[in-house]
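K.L.:
Structure file query25.txt, compact mmCIF, C-alpha atoms, is pasted below:
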# COMPACT_ATOMS: atom_id res chain seq x y z
CA MET F 141 15.27 -24.98 58.52
CA LEU F 142 14.92 -25.68 62.20
CA LYS F 143 14.31 -23.02 64.80
CA PRO F 144 16.87 -23.28 67.62
CA ARG F 145 15.37 -24.62 70.81
CA TYR F 146 17.62 -22.44 72.97
CA THR F 147 19.91 -19.45 72.72
CA THR F 148 22.91 -19.07 74.99
CA TYR F 149 25.44 -16.31 75.39
CA LEU F 150 29.09 -16.97 76.29
CA VAL F 151 30.29 -14.71 79.08
CA SER F 152 33.89 -14.22 80.21
CA PRO F 153 36.44 -11.46 80.61
CA ILE F 154 37.67 -10.26 77.23
CA ALA F 155 39.33 -6.85 77.56
CA SER F 156 41.64 -7.90 80.41
CA VAL F 157 42.50 -11.22 78.73
CA VAL F 158 43.46 -9.87 75.29
CA LYS F 159 46.25 -7.87 76.94
CA GLU F 160 48.02 -11.12 77.88
CA PRO F 161 50.67 -12.66 75.61
CA ASP F 162 49.33 -15.78 73.87
CA TYR F 163 45.84 -15.03 75.24
CA THR F 164 44.28 -17.28 72.59
CA ARG F 165 45.77 -20.25 74.47
CA LEU F 166 44.34 -19.34 77.87
CA GLU F 167 41.46 -21.53 79.03
CA VAL F 168 39.43 -18.45 79.95
CA TYR F 169 39.48 -17.69 76.20
CA THR F 170 39.52 -21.20 74.65
CA PHE F 171 36.50 -22.39 76.64
CA ARG F 172 34.43 -20.80 73.85
CA ASP F 173 35.59 -23.31 71.26
CA PHE F 174 35.09 -26.15 73.74
CA VAL F 175 31.46 -25.13 74.39
CA LYS F 176 30.71 -24.65 70.68
CA ASP F 177 32.24 -28.05 69.86
CA LYS F 178 30.42 -29.96 72.62
CA LEU F 179 27.05 -28.38 71.86
CA SER F 180 27.38 -28.46 68.06
CA ASN F 181 25.10 -31.51 67.75
CA PHE F 182 22.31 -29.84 69.68
CA ASN F 183 19.76 -27.39 68.39
CA ILE F 184 21.14 -24.30 70.10
CA ASN F 185 22.10 -20.82 68.98
CA ILE F 186 25.41 -19.94 70.67
CA ILE F 187 26.25 -16.24 70.76
CA ASP F 188 29.97 -15.70 71.23
CA PRO F 189 30.61 -12.00 71.88
CA VAL F 190 34.14 -12.31 70.50
CA GLU F 191 32.73 -13.42 67.14
CA HIS F 192 29.71 -11.16 67.46
CA GLN F 193 31.84 -8.06 68.14
CA LYS F 194 33.80 -8.71 64.96
CA THR F 195 30.68 -7.56 63.14
CA ILE F 196 30.99 -4.24 64.99
CA LEU F 197 34.80 -4.01 65.25
CA THR F 198 37.25 -5.06 62.60
CA ASP F 199 40.03 -5.88 65.06
CA ILE F 200 39.50 -6.40 68.79
CA ASN F 201 43.23 -6.17 69.53
CA LYS F 202 43.56 -2.90 67.62
CA THR F 203 40.49 -1.44 69.34
CA SER F 204 41.80 -2.56 72.74
CA THR F 205 45.15 -0.85 72.01
CA ILE F 206 43.41 2.36 70.89
CA LEU F 207 41.22 2.39 74.00
CA GLU F 208 44.21 1.77 76.26
CA GLY F 209 45.95 4.75 74.64
CA LEU F 210 42.87 6.92 75.23
CA TYR F 211 42.65 5.73 78.87
CA ASN F 212 46.33 6.61 79.42
CA GLU F 213 45.89 9.99 77.77
CA ALA F 214 42.90 10.77 80.02
CA ILE F 215 44.93 9.82 83.11
CA THR F 216 47.82 12.03 81.97
CA LEU F 217 45.47 14.98 81.38
CA ALA F 218 43.88 14.48 84.81
CA GLU F 219 47.29 14.31 86.52
CA GLU F 220 48.32 17.53 84.74
CA GLY F 221 45.11 19.25 85.84
CA ARG F 222 43.92 19.63 82.26
CA PRO F 223 40.36 18.92 81.04
CA TYR F 224 39.77 15.28 80.16
CA ASP F 225 35.98 14.90 80.13
CA ASP F 226 35.72 15.12 76.31
CA LEU F 227 38.19 12.26 76.00
CA LEU F 228 36.12 10.10 78.37
CA LYS F 229 33.02 10.91 76.30
CA THR F 230 34.90 9.73 73.18
CA ILE F 231 35.74 6.45 74.91
CA SER F 232 32.10 6.04 75.94
CA LYS F 233 30.87 6.67 72.38
CA LYS F 234 33.26 4.04 71.01
CA LEU F 235 32.18 1.41 73.54
CA ASN F 236 28.47 2.19 73.78
CA PRO F 237 27.30 0.14 70.74
CA ILE F 238 29.26 -2.90 71.94
CA VAL F 239 27.91 -2.73 75.49
CA LYS F 240 24.32 -2.24 74.32
CA GLU F 241 24.53 -5.14 71.86
CA ASP F 242 26.11 -7.49 74.42
CA LEU F 243 23.39 -6.72 76.97
CA ARG F 244 20.69 -7.20 74.33
CA CYS F 245 22.17 -10.63 73.57
CA VAL F 246 22.13 -11.50 77.27
CA ARG F 247 18.47 -10.49 77.60
CA THR F 248 17.44 -12.64 74.62
CA SER F 249 19.22 -15.78 75.87
CA HIS F 250 17.68 -18.73 77.66
CA PHE F 251 20.82 -19.21 79.76
CA LEU F 252 24.43 -18.03 79.90
CA ILE F 253 27.56 -20.16 79.89
CA GLY F 254 30.59 -18.46 81.33
CA TYR F 255 34.17 -18.76 82.45
CA ALA F 256 35.58 -16.57 85.22
CA HIS F 257 39.24 -16.40 86.15
CA GLY F 258 40.50 -14.79 89.34
CA ASP F 259 43.45 -13.18 87.55
CA PHE F 260 41.23 -11.42 85.01
CA PRO F 261 38.60 -9.25 86.70
CA SER F 262 35.98 -7.91 84.35
CA ILE F 263 33.25 -5.39 85.06
CA GLY F 264 31.68 -6.28 81.69
CA MET F 265 31.29 -9.91 82.68
CA VAL F 266 29.81 -8.90 86.04
CA ASP F 267 27.42 -6.52 84.29
CA GLU F 268 26.28 -9.26 81.92
CA ILE F 269 25.66 -11.60 84.86
CA SER F 270 23.83 -8.79 86.70
CA GLN F 271 21.60 -8.40 83.65
CA ALA F 272 20.90 -12.14 83.82
CA VAL F 273 19.91 -11.77 87.49
CA PHE F 274 17.40 -9.03 86.66
CA CYS F 275 16.02 -11.00 83.71
CA ARG F 276 15.98 -14.32 85.65
CA ILE F 277 18.26 -16.03 83.14
CA PRO F 278 20.31 -18.92 84.60
CA VAL F 279 24.09 -18.61 84.54
CA TYR F 280 26.37 -21.67 84.43
CA LEU F 281 29.86 -20.52 85.33
CA MET F 282 33.18 -22.34 85.19
CA VAL F 283 35.63 -20.72 87.60
CA GLU F 284 39.40 -20.80 87.81
CA LYS F 285 41.11 -19.37 90.92
CA TYR F 286 37.83 -19.16 92.83
CA ASN F 287 39.62 -17.73 95.88
CA LYS F 288 40.22 -14.54 93.87
CA ILE F 289 36.63 -14.19 92.63
CA SER F 290 34.33 -11.72 94.37
CA SER F 291 31.70 -13.33 96.58
CA TRP F 292 29.20 -11.11 94.79
CA LEU F 293 29.68 -13.21 91.67
CA THR F 294 28.74 -16.37 93.58
CA VAL F 295 25.62 -14.70 94.97
CA MET F 296 24.57 -13.48 91.52
CA VAL F 297 25.04 -16.86 89.83
CA TYR F 298 22.95 -18.67 92.44
CA GLU F 299 20.37 -15.87 92.37
CA THR F 300 19.79 -16.79 88.70
CA LYS F 301 19.19 -20.42 89.75
CA GLY F 302 22.42 -21.21 87.91
CA ARG F 303 25.46 -23.12 89.07
CA ILE F 304 29.23 -22.76 89.52
CA PHE F 305 31.72 -25.44 88.43
CA LEU F 306 35.13 -25.47 90.13
CA GLY F 307 36.74 -28.88 89.67
CA LYS F 308 39.57 -30.04 87.48
CA HIS F 309 37.01 -31.13 84.87
CA LYS F 310 34.83 -28.04 85.24
CA LYS F 311 34.29 -27.58 81.51
CA GLU F 312 33.09 -31.16 80.99
CA GLU F 313 30.95 -31.05 84.15
CA CYS F 314 29.31 -27.80 83.08
CA ILE F 315 28.47 -29.00 79.57
CA ASP F 316 27.23 -32.37 80.83
CA PHE F 317 24.98 -30.55 83.30
CA ILE F 318 23.57 -28.32 80.52
CA ILE F 319 22.97 -31.26 78.20
CA ASP F 320 21.17 -33.18 80.96
CA LYS F 321 19.10 -30.18 81.99
CA TYR F 322 18.12 -28.83 78.59
CA PHE F 323 18.44 -31.63 76.04
CA LYS F 324 18.15 -35.05 77.68
CA ASN F 325 14.94 -36.86 76.73
CA LYS F 326 13.81 -33.94 74.57
CA ASN F 327 13.39 -33.48 70.85
CA LEU F 328 16.96 -32.42 70.04
CA LYS F 329 16.11 -31.31 66.55
CA GLY F 330 13.91 -28.47 67.76
CA GLU F 331 10.84 -27.17 66.09
CA LYS F 332 10.25 -26.51 62.42
CA LEU F 333 9.90 -22.89 61.37
Would it be possible to restate this file's structure as structure tokens?
P.N.:
Amino acid sequence: MLKPRYTTYLVSPIASVVKEPDYTRLEVYTFRDFVKDKLSNFNINIIDPVEHQKTILTDINKTSTILEGLYNEAITLAEEGRPYDDLLKTISKKLNPIVKEDLRCVRTSHFLIGYAHGDFPSIGMVDEISQAVFCRIPVYLMVEKYNKISSWLTVMVYETKGRIFLGKHKKEECIDFIIDKYFKNKNLKGEKL
């Protein structure tokens, strides 16, 4: 068995995207399959949080719906002047294992591959990229609707010594860049365990 040469983590908005009808067809979601397909012949461990979270959650859609209900209930309680702090603590307890595991995966990666979309803001994605900044892990980010993306995201990506891809062929350009940077003229099979 070969030891993977690199580990990468796929970063993109999830919670805001799964609320959209037919979200599994949106490029901000399908980029994951594209990356996995294009890098399948290389010795790399790809951590997809959507797949990874399925080991923690049985159904992301169901969990998202439950959390949305809890959020709405907390807002209603606050508007009625009733106590809501216990409800927020419940939400935090439900999400805490997912957040901790995602950030652990970021910290153990050699680089991150991401997709940002201006219509789907995500504090989780920004937090994962912030973690990469602190850990000096390069981020390679494909961006759709760049004019709606916070300038902070641009600063953070370049702070990691990463790169942003904006063009029509951003997915192909990003993967080609990664292959050239990490795999060209190297032993693609990795090292033996």
K.L.:
Compile the contact shell of F:Lys288 as a list in words: residues with an atom at most 9 Å away, counting all atoms listed in the file, same-chain residues fewer than 5 positions apart removed.
P.N.:
His257, Gly258 and Asp259 of chain F
K.L.:
Need the shell around F:Thr148: protein/DNA/RNA residues with any atom at most 7 Å away, counting all atoms listed in the file. Skip same-chain ones fewer than 2 positions apart. Format as a list in words?
P.N.:
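What passes the distance filter is Tyr146, Leu150, Asn185, Ile186, Ile187, Ser249, His250, Phe251, Leu252 and Ile253 of chain F.
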K.L.:
In Å, rounded to a single decimal, give me how far atom CA of F:Glu312 is from atom CA of F:Ile238.
P.N.:
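One can read the atom CA of F:Ile238 to atom CA of F:Glu312 distance as 29.9 Å.
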K.L.:
So that I can check the surroundings of F:Lys285, please list as a list in words every protein, DNA and RNA residue that reaches within 12 Å of it, counting all atoms listed in the file and ignoring chain neighbours fewer than 6 positions away.
P.N.:
Val168, Tyr255, Ala256, His257, Gly258, Asp259, Phe260, Pro261, Phe305, Leu306, Gly307 and Lys308 of chain F
K.L.:
Write out as a compact mmCIF listing (two decimals) with C-alpha atoms, in the frame of the given file the residues lying within 12 Å of F:Phe174, counting only C-alpha atoms and excluding same-chain residues fewer than 2 positions away.
P.N.:
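What ended up in selection.txt:
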# COMPACT_ATOMS: atom_id res chain seq x y z
CA LEU F 150 29.09 -16.97 76.29
CA GLU F 167 41.46 -21.53 79.03
CA VAL F 168 39.43 -18.45 79.95
CA TYR F 169 39.48 -17.69 76.20
CA THR F 170 39.52 -21.20 74.65
CA PHE F 171 36.50 -22.39 76.64
CA ARG F 172 34.43 -20.80 73.85
CA LYS F 176 30.71 -24.65 70.68
CA ASP F 177 32.24 -28.05 69.86
CA LYS F 178 30.42 -29.96 72.62
CA LEU F 179 27.05 -28.38 71.86
CA SER F 180 27.38 -28.46 68.06
CA ILE F 186 25.41 -19.94 70.67
CA ASP F 188 29.97 -15.70 71.23
CA ILE F 253 27.56 -20.16 79.89
CA GLY F 254 30.59 -18.46 81.33
CA TYR F 255 34.17 -18.76 82.45
CA LYS F 310 34.83 -28.04 85.24
CA LYS F 311 34.29 -27.58 81.51
CA GLU F 312 33.09 -31.16 80.99
CA CYS F 314 29.31 -27.80 83.08
CA ILE F 315 28.47 -29.00 79.57
K.L.:
Quick one: residues within 8 Å of F:Val297, all atoms listed in the file, excluding same-chain residues fewer than 2 positions away - as a list in words?
P.N.:
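Counting all atoms listed in the file, the residues come to Ile269, Val273, Pro278, Val279, Tyr280, Leu281, Leu293, Thr294, Val295, Glu299, Thr300, Lys301, Gly302, Arg303 and Ile304 of chain F.
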K.L.:
Where's the centre, and what are the edge lengths in Å to one decimal, of a box along x, y and z enclosing all listed atoms of stretch 275-290 of chain F padded 5 Å per side, as lines of an AutoDock Vina configuration file?
P.N.:
center_x = 28.5
center_y = -16.7
center_z = 89.5
size_x = 35.1
size_y = 21.3
size_z = 22.7
K.L.:
Counting all atoms listed in the file, which of F:Lys229, F:Val190, F:Ile184, F:Arg247 gets nearest to F:Phe274?
P.N.:
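Checking each of F:Lys229, F:Val190, F:Ile184, F:Arg247 against F:Phe274, counting all atoms listed in the file, the winner is F:Arg247.
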K.L.:
If you measure from atom CA of F:Ser204 to atom CA of F:Thr216, what distance in Å do you get, rounded to one decimal?
P.N.:
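Those two atoms sit 18.3 Å apart.
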K.L.:
Expressed in Å to a single decimal, how great is the separation between atom CA of F:Phe182 and atom CA of F:Met282?
P.N.:
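About the pair atom CA of F:Phe182 and atom CA of F:Met282: they are 20.4 Å apart.
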